[in-house]
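As structure tokens, the structure follows; a few thoughts come after it.
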Amino acid sequence: MLTNQTAVNKNLIILHLTVFVWGFTGILGALISIPATQLVWYRVLIAFITLFAYFKLTKTSLKVSRVVFLKLFFTGAIVGLHWILFFQSIKSSTVSVTLVCLSSLTLFTAILEPIFKKQKISIFDIITGLTIICGIYLIFRFESRYTEGIIYGLISALLASIFSIINSKQIQNRPAPIISFYELIGAWVWISIYLAIIGGYTASMSLNFADLMYLLILGTVCTSLAYVAGVAVMKELSAFRVALITNLEPVYGIILAFLFFGKREQMTLGFYAGAVIILSAIFIYPVIKNRKRAS
């Protein structure tokens, strides 16, 4: 019993560190000087090479059927666009604004998942969604100078919701790292095609030493390593517990942004009121949902 509890505590620490690392992603996005599309191109390249090395070391088979490969490959386009808009949101506003907008992922999932699965949308989901919309409205109202960044952040959250719903079906039949690997390859290929069409392989692809270091951290620690760690803890922790702790990502991110950028990340009281409403809804939602399932 003690051994099992020790394993649970160890995995809780790993999960908190993983979520903290995910929160650090926004900081790196703000520090890297190249445009968002080129940034994501490098990120996914580094990430899938790192994952490939991990698979070789662990002697993991990468075999999937052609149908599965195509599904994951095309889902990669959604993943890539989500990341591009996420980093573009940071560059158009602030890390704090972007992370709070990304929290609306809960709202989009509550609406879209029942539609995808042909289920009824619950009244509680609607109430939670309306609460989050109120928070978003406050942020729009008091941080109108960041309207462009807010729109990018909300679309990024919508795309994250879509590929999360798609992956919730894929995860039933194959390991999460395999899904991630082929989606990363898909994201990289689609972004490469887009850059070729618009002539994006220009001076904007060149990296200074700081950008290279930040990208290596982003691609390895914040993407590949964090993803593998996030999957590994699910052996000891329930999906509910993982989801609840993952909700701390914007909280960690906003604290880190304030520590790194100081006054640049200071917002109006309206922003913080909206952020509190959104984050409160996100934390309360899984707790009540879990109680309703148990009753």
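Identifiers for the structure tokens are assigned positionally: chains receive A, B, ... in sequence, residues are indexed from 1 per chain, and ligands are indexed from 1 in the order shown.
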Applying 10 Å and only C-alpha atoms, which residues near Ala30 of chain A remain after dropping the ones on its own chain fewer than 3 positions away? List them as a VMD selection string. chain A and resid 25 to 27 33 to 34 36 87 to 95 257 261
Dump N, CA and C atoms for the selected residues as a compact mmCIF listing (two decimals), in the first residue's frame?
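So result-v2.txt came out as:
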```
# COMPACT_ATOMS: atom_id res chain seq x y z
N THR A 25 6.26 27.09 -22.17
CA THR A 25 6.23 27.16 -23.63
C THR A 25 5.95 28.58 -24.11
N GLY A 26 4.99 29.24 -23.47
CA GLY A 26 4.63 30.60 -23.85
C GLY A 26 5.79 31.58 -23.67
N ILE A 27 6.57 31.39 -22.62
CA ILE A 27 7.73 32.26 -22.37
C ILE A 27 8.73 32.13 -23.52
N SER A 33 12.79 35.10 -31.58
CA SER A 33 12.56 36.30 -32.41
C SER A 33 11.98 36.02 -33.79
N ILE A 34 12.07 34.78 -34.29
CA ILE A 34 11.59 34.50 -35.65
C ILE A 34 10.06 34.44 -35.69
N ALA A 36 6.08 33.29 -36.17
CA ALA A 36 5.40 32.13 -35.57
C ALA A 36 5.45 30.88 -36.45
N PHE A 87 1.44 30.81 -31.03
CA PHE A 87 2.62 31.67 -30.94
C PHE A 87 2.37 33.04 -31.58
N GLN A 88 1.52 33.09 -32.61
CA GLN A 88 1.18 34.38 -33.22
C GLN A 88 0.38 35.22 -32.23
N SER A 89 -0.46 34.56 -31.44
CA SER A 89 -1.23 35.26 -30.40
C SER A 89 -0.29 35.89 -29.38
N ILE A 90 0.74 35.14 -28.98
CA ILE A 90 1.73 35.67 -28.03
C ILE A 90 2.43 36.89 -28.61
N LYS A 91 2.82 36.79 -29.89
CA LYS A 91 3.55 37.89 -30.53
C LYS A 91 2.66 39.11 -30.79
N SER A 92 1.33 38.87 -30.86
CA SER A 92 0.38 39.96 -31.11
C SER A 92 -0.19 40.54 -29.82
N SER A 93 0.02 39.86 -28.69
CA SER A 93 -0.51 40.36 -27.42
C SER A 93 0.53 40.11 -26.32
N THR A 94 0.19 39.25 -25.36
CA THR A 94 1.13 38.88 -24.30
C THR A 94 0.94 37.39 -23.98
N VAL A 95 1.87 36.85 -23.23
CA VAL A 95 1.78 35.45 -22.82
C VAL A 95 0.52 35.22 -21.98
N ALA A 257 5.31 34.36 -16.76
CA ALA A 257 5.35 35.54 -17.64
C ALA A 257 5.59 36.81 -16.83
N PHE A 261 8.84 38.92 -17.60
CA PHE A 261 8.62 40.15 -18.37
C PHE A 261 8.09 41.32 -17.55
```
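Comparing the minimum interatomic distances between Ala229 of chain A and each of A:Ile193, A:Pro35, A:Gly80, A:Pro177, counting only C-alpha atoms, we find that A:Pro177 sits nearest.
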With only C-alpha atoms counted and 7 Å as the cut-off, give the residues of segment 116-193 of chain A in contact with segment 46-60 of chain A, each with its shortest interatomic distance in Å and the pair that gives it, as JSON lines.
```
{"residue": "A:Phe181", "atom": "CA", "partner": "A:Phe48", "partner_atom": "CA", "distance": 5.7}
{"residue": "A:Leu184", "atom": "CA", "partner": "A:Phe48", "partner_atom": "CA", "distance": 6.0}
{"residue": "A:Ile185", "atom": "CA", "partner": "A:Phe48", "partner_atom": "CA", "distance": 6.6}
```
Requested write-out: N, CA and C atoms of the selected residues, as an mmCIF file, in the first residue's frame:
```
data_model
loop_
_atom_site.group_PDB
_atom_site.id
_atom_site.type_symbol
_atom_site.label_atom_id
_atom_site.label_comp_id
_atom_site.auth_asym_id
_atom_site.auth_seq_id
_atom_site.Cartn_x
_atom_site.Cartn_y
_atom_site.Cartn_z
ATOM 1 N N PHE A 181 3.901 11.295 -32.705
ATOM 2 C CA PHE A 181 4.996 11.226 -33.678
ATOM 3 C C PHE A 181 4.489 11.479 -35.096
ATOM 4 N N LEU A 184 3.145 15.027 -35.568
ATOM 5 C CA LEU A 184 4.243 15.990 -35.677
ATOM 6 C C LEU A 184 4.842 15.973 -37.086
ATOM 7 N N ILE A 185 5.000 14.777 -37.649
ATOM 8 C CA ILE A 185 5.499 14.666 -39.021
ATOM 9 C C ILE A 185 4.525 15.353 -39.981
#
```
Write out as a ChimeraX atom specification each polymer residue whose atoms come within 10 Å of Ala157 of chain A, counting only C-alpha atoms; drop sequence neighbours fewer than 2 positions from it. /A:82-83,85-86,98-109,151-155,159-162
Based on the backbone DSSP call, show me all residues of segment 145-223 of chain A assigned helix (DSSP H, G or I), as a ChimeraX atom specification. /A:145-170,176-198,203-205,209-223
